[in-house]
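Coordinates as given in work_33.tsv (TSV, C-alpha atoms and all ligand atoms):
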```
chain	number	residue	atom	x	y	z
A	1	MET	CA	-28.14	48.13	-167.36
A	2	GLU	CA	-28.45	47.29	-171.02
A	3	PHE	CA	-27.95	49.92	-173.71
A	4	ILE	CA	-28.46	49.70	-177.45
A	5	LEU	CA	-26.31	51.95	-179.60
A	6	THR	CA	-26.12	52.17	-183.37
A	7	VAL	CA	-22.42	52.66	-183.99
A	8	ASN	CA	-21.21	53.30	-187.53
A	9	GLY	CA	-24.40	51.77	-188.89
A	10	ILE	CA	-24.29	48.65	-186.72
A	11	LYS	CA	-26.64	48.07	-183.81
A	12	ARG	CA	-24.69	47.07	-180.71
A	13	THR	CA	-25.67	46.12	-177.20
A	14	VAL	CA	-23.72	46.71	-174.03
A	15	MET	CA	-24.42	45.85	-170.39
A	16	THR	CA	-22.70	48.41	-168.22
A	17	ASP	CA	-22.91	51.17	-165.65
A	18	PRO	CA	-25.07	54.02	-167.07
A	19	GLU	CA	-22.50	56.59	-165.92
A	20	ARG	CA	-19.61	54.91	-167.73
A	21	PRO	CA	-18.14	57.23	-170.39
A	22	LEU	CA	-19.13	56.47	-173.95
A	23	LEU	CA	-15.41	56.69	-174.81
A	24	ASP	CA	-14.64	53.67	-172.63
A	25	VAL	CA	-17.47	51.66	-174.17
A	26	LEU	CA	-16.30	52.49	-177.70
A	27	ARG	CA	-12.65	51.71	-177.01
A	28	GLU	CA	-12.87	48.84	-174.54
A	29	ASP	CA	-16.13	47.04	-175.34
A	30	PHE	CA	-16.42	47.72	-179.07
A	31	LYS	CA	-12.65	47.86	-179.79
A	32	LEU	CA	-13.08	51.11	-181.72
A	33	THR	CA	-9.79	52.64	-180.66
A	34	GLY	CA	-9.69	55.36	-183.31
A	35	THR	CA	-11.39	57.73	-180.87
A	36	LYS	CA	-8.69	58.90	-178.50
A	37	TYR	CA	-8.40	59.62	-174.79
A	38	GLY	CA	-6.63	62.92	-174.24
A	39	CYS	CA	-7.54	64.98	-171.17
A	40	GLY	CA	-10.59	63.00	-170.05
A	41	GLU	CA	-12.13	66.28	-168.92
A	42	GLY	CA	-13.81	67.78	-171.97
A	43	TYR	CA	-11.02	70.18	-172.92
A	44	CYS	CA	-8.97	68.67	-175.76
A	45	GLY	CA	-11.46	67.20	-178.25
A	46	ALA	CA	-9.40	64.05	-178.89
A	47	CYS	CA	-12.49	61.98	-178.06
A	48	THR	CA	-14.89	63.80	-180.42
A	49	VAL	CA	-17.61	61.62	-181.97
A	50	LEU	CA	-21.00	62.43	-183.43
A	51	ILE	CA	-24.27	61.47	-181.75
A	52	ASP	CA	-27.25	61.96	-184.06
A	53	GLY	CA	-24.96	64.16	-186.18
A	54	LYS	CA	-23.82	66.44	-183.35
A	55	CYS	CA	-20.31	66.58	-181.88
A	56	VAL	CA	-19.85	65.37	-178.34
A	57	HIS	CA	-16.89	64.68	-176.11
A	58	ALA	CA	-17.16	60.95	-175.61
A	59	CYS	CA	-15.06	61.18	-172.43
A	60	MET	CA	-17.76	63.31	-170.80
A	61	THR	CA	-20.81	61.56	-172.23
A	62	PRO	CA	-22.35	58.85	-170.04
A	63	VAL	CA	-23.24	55.81	-172.13
A	64	ALA	CA	-26.86	56.19	-170.97
A	65	MET	CA	-27.03	59.39	-173.06
A	66	ALA	CA	-26.12	57.42	-176.17
A	67	ASP	CA	-28.82	54.80	-175.65
A	68	ASN	CA	-30.95	54.25	-178.77
A	69	ARG	CA	-29.01	56.91	-180.63
A	70	VAL	CA	-26.80	56.93	-183.69
A	71	ILE	CA	-23.06	57.22	-183.06
A	72	LEU	CA	-20.48	57.97	-185.73
A	73	THR	CA	-16.79	57.47	-185.00
A	74	ILE	CA	-13.74	57.91	-187.18
A	75	GLU	CA	-13.96	54.22	-188.16
A	76	GLY	CA	-17.37	54.87	-189.73
A	77	LEU	CA	-16.30	57.51	-192.24
A	78	ALA	CA	-14.65	55.54	-195.02
A	79	ARG	CA	-16.62	53.38	-197.43
A	80	GLY	CA	-14.41	50.36	-197.97
A	81	ASP	CA	-11.22	51.70	-199.52
A	82	SER	CA	-12.78	55.12	-200.24
A	83	LEU	CA	-11.95	57.70	-197.64
A	84	ASN	CA	-14.34	60.45	-196.68
A	85	PRO	CA	-13.40	63.78	-198.38
A	86	VAL	CA	-12.32	65.19	-195.02
A	87	GLN	CA	-9.99	62.25	-194.42
A	88	GLU	CA	-8.60	62.68	-197.96
A	89	ALA	CA	-8.00	66.38	-197.38
A	90	PHE	CA	-6.14	65.78	-194.10
A	91	LEU	CA	-3.89	63.30	-195.91
A	92	GLU	CA	-3.32	65.57	-198.90
A	93	GLU	CA	-2.43	68.53	-196.68
A	94	GLY	CA	-0.29	66.42	-194.36
A	95	ALA	CA	-2.40	67.80	-191.52
A	96	MET	CA	-1.03	65.46	-188.88
A	97	GLN	CA	2.23	64.87	-187.07
A	98	CYS	CA	1.79	62.40	-184.20
A	99	GLY	CA	-1.83	61.99	-185.35
A	100	TYR	CA	-3.27	61.79	-181.86
A	101	CYS	CA	-5.68	64.70	-182.33
A	102	THR	CA	-6.53	63.76	-185.92
A	103	PRO	CA	-9.63	61.57	-185.41
A	104	GLY	CA	-11.24	64.22	-183.22
A	105	MET	CA	-10.26	67.00	-185.64
A	106	ILE	CA	-11.72	65.09	-188.58
A	107	MET	CA	-14.98	64.35	-186.77
A	108	ARG	CA	-15.28	68.02	-185.81
A	109	ALA	CA	-14.65	69.08	-189.42
A	110	VAL	CA	-17.18	66.54	-190.73
A	111	SER	CA	-19.77	67.98	-188.40
A	112	LEU	CA	-18.98	71.55	-189.51
A	113	LEU	CA	-19.12	70.74	-193.23
A	114	GLN	CA	-22.41	68.89	-192.81
A	115	ARG	CA	-23.97	72.02	-191.35
A	116	ASN	CA	-22.03	74.56	-193.39
A	117	PRO	CA	-20.43	73.22	-196.59
A	118	ASN	CA	-18.93	76.60	-197.44
A	119	PRO	CA	-17.38	77.95	-194.23
A	120	THR	CA	-15.26	81.07	-193.99
A	121	ASP	CA	-11.82	80.79	-192.39
A	122	GLU	CA	-13.24	82.46	-189.30
A	123	GLN	CA	-16.03	79.90	-189.08
A	124	ILE	CA	-13.55	77.03	-189.47
A	125	ILE	CA	-11.29	78.46	-186.76
A	126	THR	CA	-14.20	79.06	-184.41
A	127	GLU	CA	-15.51	75.53	-184.91
A	128	MET	CA	-12.14	73.81	-184.57
A	129	ASN	CA	-11.12	75.96	-181.62
A	130	GLY	CA	-12.19	73.38	-179.04
A	131	ASN	CA	-9.87	70.72	-180.47
A	132	VAL	CA	-6.28	70.86	-179.31
A	133	CYS	CA	-3.28	69.81	-181.39
A	134	ARG	CA	-0.26	69.46	-179.15
A	135	CYS	CA	1.95	69.28	-182.26
A	136	ASN	CA	0.71	72.75	-183.19
A	137	GLY	CA	-0.45	71.71	-186.65
A	138	TYR	CA	-3.21	74.29	-186.83
A	139	ILE	CA	-2.30	75.89	-190.17
A	140	LYS	CA	-2.29	72.55	-191.97
A	141	ILE	CA	-5.52	71.56	-190.25
A	142	LEU	CA	-7.12	74.82	-191.44
A	143	ASN	CA	-5.84	74.10	-194.95
A	144	ALA	CA	-7.26	70.59	-194.80
A	145	VAL	CA	-10.73	71.79	-193.82
A	146	ARG	CA	-10.60	74.42	-196.59
A	147	ARG	CA	-9.55	71.73	-199.09
A	148	ALA	CA	-12.29	69.36	-197.96
A	149	ALA	CA	-14.89	72.10	-198.42
A	150	LYS	CA	-13.58	72.79	-201.95
A	151	GLN	CA	-13.58	69.10	-202.85
A	152	ILE	CA	-17.11	68.64	-201.58
A	153	LYS	CA	-18.25	71.69	-203.56
A	154	ALA	CA	-16.46	70.55	-206.73
A	155	SER	CA	-17.96	67.07	-206.58
A	156	ALA	CA	-21.35	68.47	-205.59
A	157	SER	CA	-21.47	65.82	-202.89
A	158	SER	CA	-21.92	66.14	-199.18
A	159	VAL	CA	-20.07	64.79	-196.20
A	160	GLU	CA	-22.12	61.68	-195.85
A	161	LEU	CA	-23.04	60.37	-192.44
A	162	ARG	CA	-24.42	56.97	-191.60
A	201	LIG	S1	-10.38	63.32	-173.94
A	201	LIG	FE1	-12.37	64.09	-174.15
A	201	LIG	S2	-12.13	66.22	-174.38
A	201	LIG	FE2	-10.11	65.49	-173.95
A	202	LIG	S1	-0.85	65.97	-184.77
A	202	LIG	FE1	-0.04	65.55	-182.79
A	202	LIG	S2	-1.56	66.34	-181.48
A	202	LIG	FE2	-2.20	67.01	-183.41
```
As structure tokens - that is how I would like this structure written.
Ligand code: FES
Ligand code: FES
Amino acid sequence: MEFILTVNGIKRTVMTDPERPLLDVLREDFKLTGTKYGCGEGYCGACTVLIDGKCVHACMTPVAMADNRVILTIEGLARGDSLNPVQEAFLEEGAMQCGYCTPGMIMRAVSLLQRNPNPTDEQIITEMNGNVCRCNGYIKILNAVRRAAKQIKASASSVELR
């Protein structure tokens, strides 16, 4: 079957099995390999992307569910050389070791800050709880989300989505 997805602002077409995971389509057909395969079972959050602004596990999302919808992946956050404030904050806090969880963590944080630009620590922890960092970088990740929230507030901007 044919599916039309708007991915990072670009309309794309794919002919595939409707049950095929969105993650495979992104990585294999569209060559957007920033979104990672971790557990493949909806537990780790490495594959987190946004569909119509909401977080999903791309490993558990059949491509048919993304048809005619707007997908944002880690590759869609920067504007040219300008990183998204959440990406900047992760860099500034050094909130990554191997980096495997980082795209999913950033997408989850973007989604949180879109809905709640001024989260408490508890709200950040609750939101990020579904994303696993096997390098145990949780304190730096918390600091990065706090920093991103402060930067967004200071610049009176928002975490822009396409
Ligand atoms: S790879 Fe999708 S949740 Fe782990
Ligand atoms: S930085 Fe290695 S899994 Fe999180």
Return the padded bounding box of ligand LIG 201 (chain A) as JSON: axis-aligned, built from all atoms listed in the file, 3 Å added on each side, with centre and edge lengths in Å to one decimal.
```
{"center_x": -11.2, "center_y": 64.8, "center_z": -174.2, "size_x": 8.3, "size_y": 8.9, "size_z": 6.4}
```
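Straight-line separation from CA of Val132 (chain A) to CA of Cys44 (chain A): 5.0 Å.
Neighbouring residues of ligand LIG 202 (chain A) at a cut-off of 8 Å, counting only C-alpha atoms and all ligand atoms, are Ala95, Met96, Gln97, Cys98, Gly99, Tyr100, Cys101, Thr102, Val132, Cys133, Arg134, Cys135, Asn136 and Gly137 of chain A.
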If you count only C-alpha atoms and all ligand atoms, which residues end up within 7 Å of ligand LIG 201 (chain A), as JSON, numbers by chain? {"A": [36, 37, 38, 39, 40, 41, 42, 43, 44, 45, 46, 47, 48, 57, 58, 59, 60]}
Using all atoms listed in the file, give me every residue within 10 Å of (-12.5, 62.1, -198.3) in file coordinates, as a PyMOL selection string. chain A and resi 77-79+82-92+110+148+151-152+159-160
Those selected residues, please, written with C-alpha atoms and delivered as a short mmCIF file (atom, residue, chain, number, x, y, z; two decimals), keeping the file's coordinate frame.
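File produced: part22.cif:
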```cif
data_model
loop_
_atom_site.label_atom_id
_atom_site.label_comp_id
_atom_site.auth_asym_id
_atom_site.auth_seq_id
_atom_site.Cartn_x
_atom_site.Cartn_y
_atom_site.Cartn_z
CA LEU A 77 -16.30 57.51 -192.24
CA ALA A 78 -14.65 55.54 -195.02
CA ARG A 79 -16.62 53.38 -197.43
CA SER A 82 -12.78 55.12 -200.24
CA LEU A 83 -11.95 57.70 -197.64
CA ASN A 84 -14.34 60.45 -196.68
CA PRO A 85 -13.40 63.78 -198.38
CA VAL A 86 -12.32 65.19 -195.02
CA GLN A 87 -9.99 62.25 -194.42
CA GLU A 88 -8.60 62.68 -197.96
CA ALA A 89 -8.00 66.38 -197.38
CA PHE A 90 -6.14 65.78 -194.10
CA LEU A 91 -3.89 63.30 -195.91
CA GLU A 92 -3.32 65.57 -198.90
CA VAL A 110 -17.18 66.54 -190.73
CA ALA A 148 -12.29 69.36 -197.96
CA GLN A 151 -13.58 69.10 -202.85
CA ILE A 152 -17.11 68.64 -201.58
CA VAL A 159 -20.07 64.79 -196.20
CA GLU A 160 -22.12 61.68 -195.85
#
```
Protein and nucleic acid residues near (-23.8, 57.2, -184.9) (cut-off 10 Å, all atoms listed in the file) as a compact mmCIF listing (two decimals) with C-alpha atoms, in the frame of the given file:
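What landed in out.txt:
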```txt
# COMPACT_ATOMS: atom_id res chain seq x y z
CA LEU A 5 -26.31 51.95 -179.60
CA THR A 6 -26.12 52.17 -183.37
CA VAL A 7 -22.42 52.66 -183.99
CA ASN A 8 -21.21 53.30 -187.53
CA GLY A 9 -24.40 51.77 -188.89
CA ILE A 10 -24.29 48.65 -186.72
CA LYS A 11 -26.64 48.07 -183.81
CA VAL A 49 -17.61 61.62 -181.97
CA LEU A 50 -21.00 62.43 -183.43
CA ILE A 51 -24.27 61.47 -181.75
CA ASP A 52 -27.25 61.96 -184.06
CA GLY A 53 -24.96 64.16 -186.18
CA LYS A 54 -23.82 66.44 -183.35
CA ALA A 66 -26.12 57.42 -176.17
CA ASN A 68 -30.95 54.25 -178.77
CA ARG A 69 -29.01 56.91 -180.63
CA VAL A 70 -26.80 56.93 -183.69
CA ILE A 71 -23.06 57.22 -183.06
CA LEU A 72 -20.48 57.97 -185.73
CA THR A 73 -16.79 57.47 -185.00
CA GLY A 76 -17.37 54.87 -189.73
CA LEU A 161 -23.04 60.37 -192.44
CA ARG A 162 -24.42 56.97 -191.60
```
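All residues of protein, DNA or RNA that reach within 7 Å of Pro117 (chain A), judged by all atoms listed in the file and not counting those fewer than 3 positions away in the chain, are Leu113, Gln114 and Ala149 of chain A.
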Restricted to C-alpha atoms, what would the selected residues look like written as a PDB file, in the frame of the given file?
```pdb
ATOM      1  CA  LEU A 113     -19.120  70.740-193.230  1.00  0.00           C
ATOM      2  CA  GLN A 114     -22.410  68.890-192.810  1.00  0.00           C
ATOM      3  CA  ALA A 149     -14.890  72.100-198.420  1.00  0.00           C
TER       4      ALA A 149
END
```
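The nearest approach to Thr61 (chain A) among the residues A:Gly80, A:Leu23, A:Glu75, A:Leu32, with only C-alpha atoms taken into account, belongs to A:Leu23.
You will find CA of Glu19 (chain A) at 25.4 Å from CA of Met105 (chain A).
Take CA of Val63 (chain A) and CA of Ser111 (chain A): the distance between them is 20.6 Å.
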Find the residue from A:Asn116, A:Ala64, A:Gly104, A:Arg146 that sits nearest to Asn129 (chain A); use only C-alpha atoms when measuring. A:Gly104
Residues within 10 Å of Ile125 (chain A), please, as a PyMOL selection string. Count all atoms listed in the file; anything in the same chain fewer than 6 positions from it doesn't count. chain A and resi 119+138-139+141-142+145
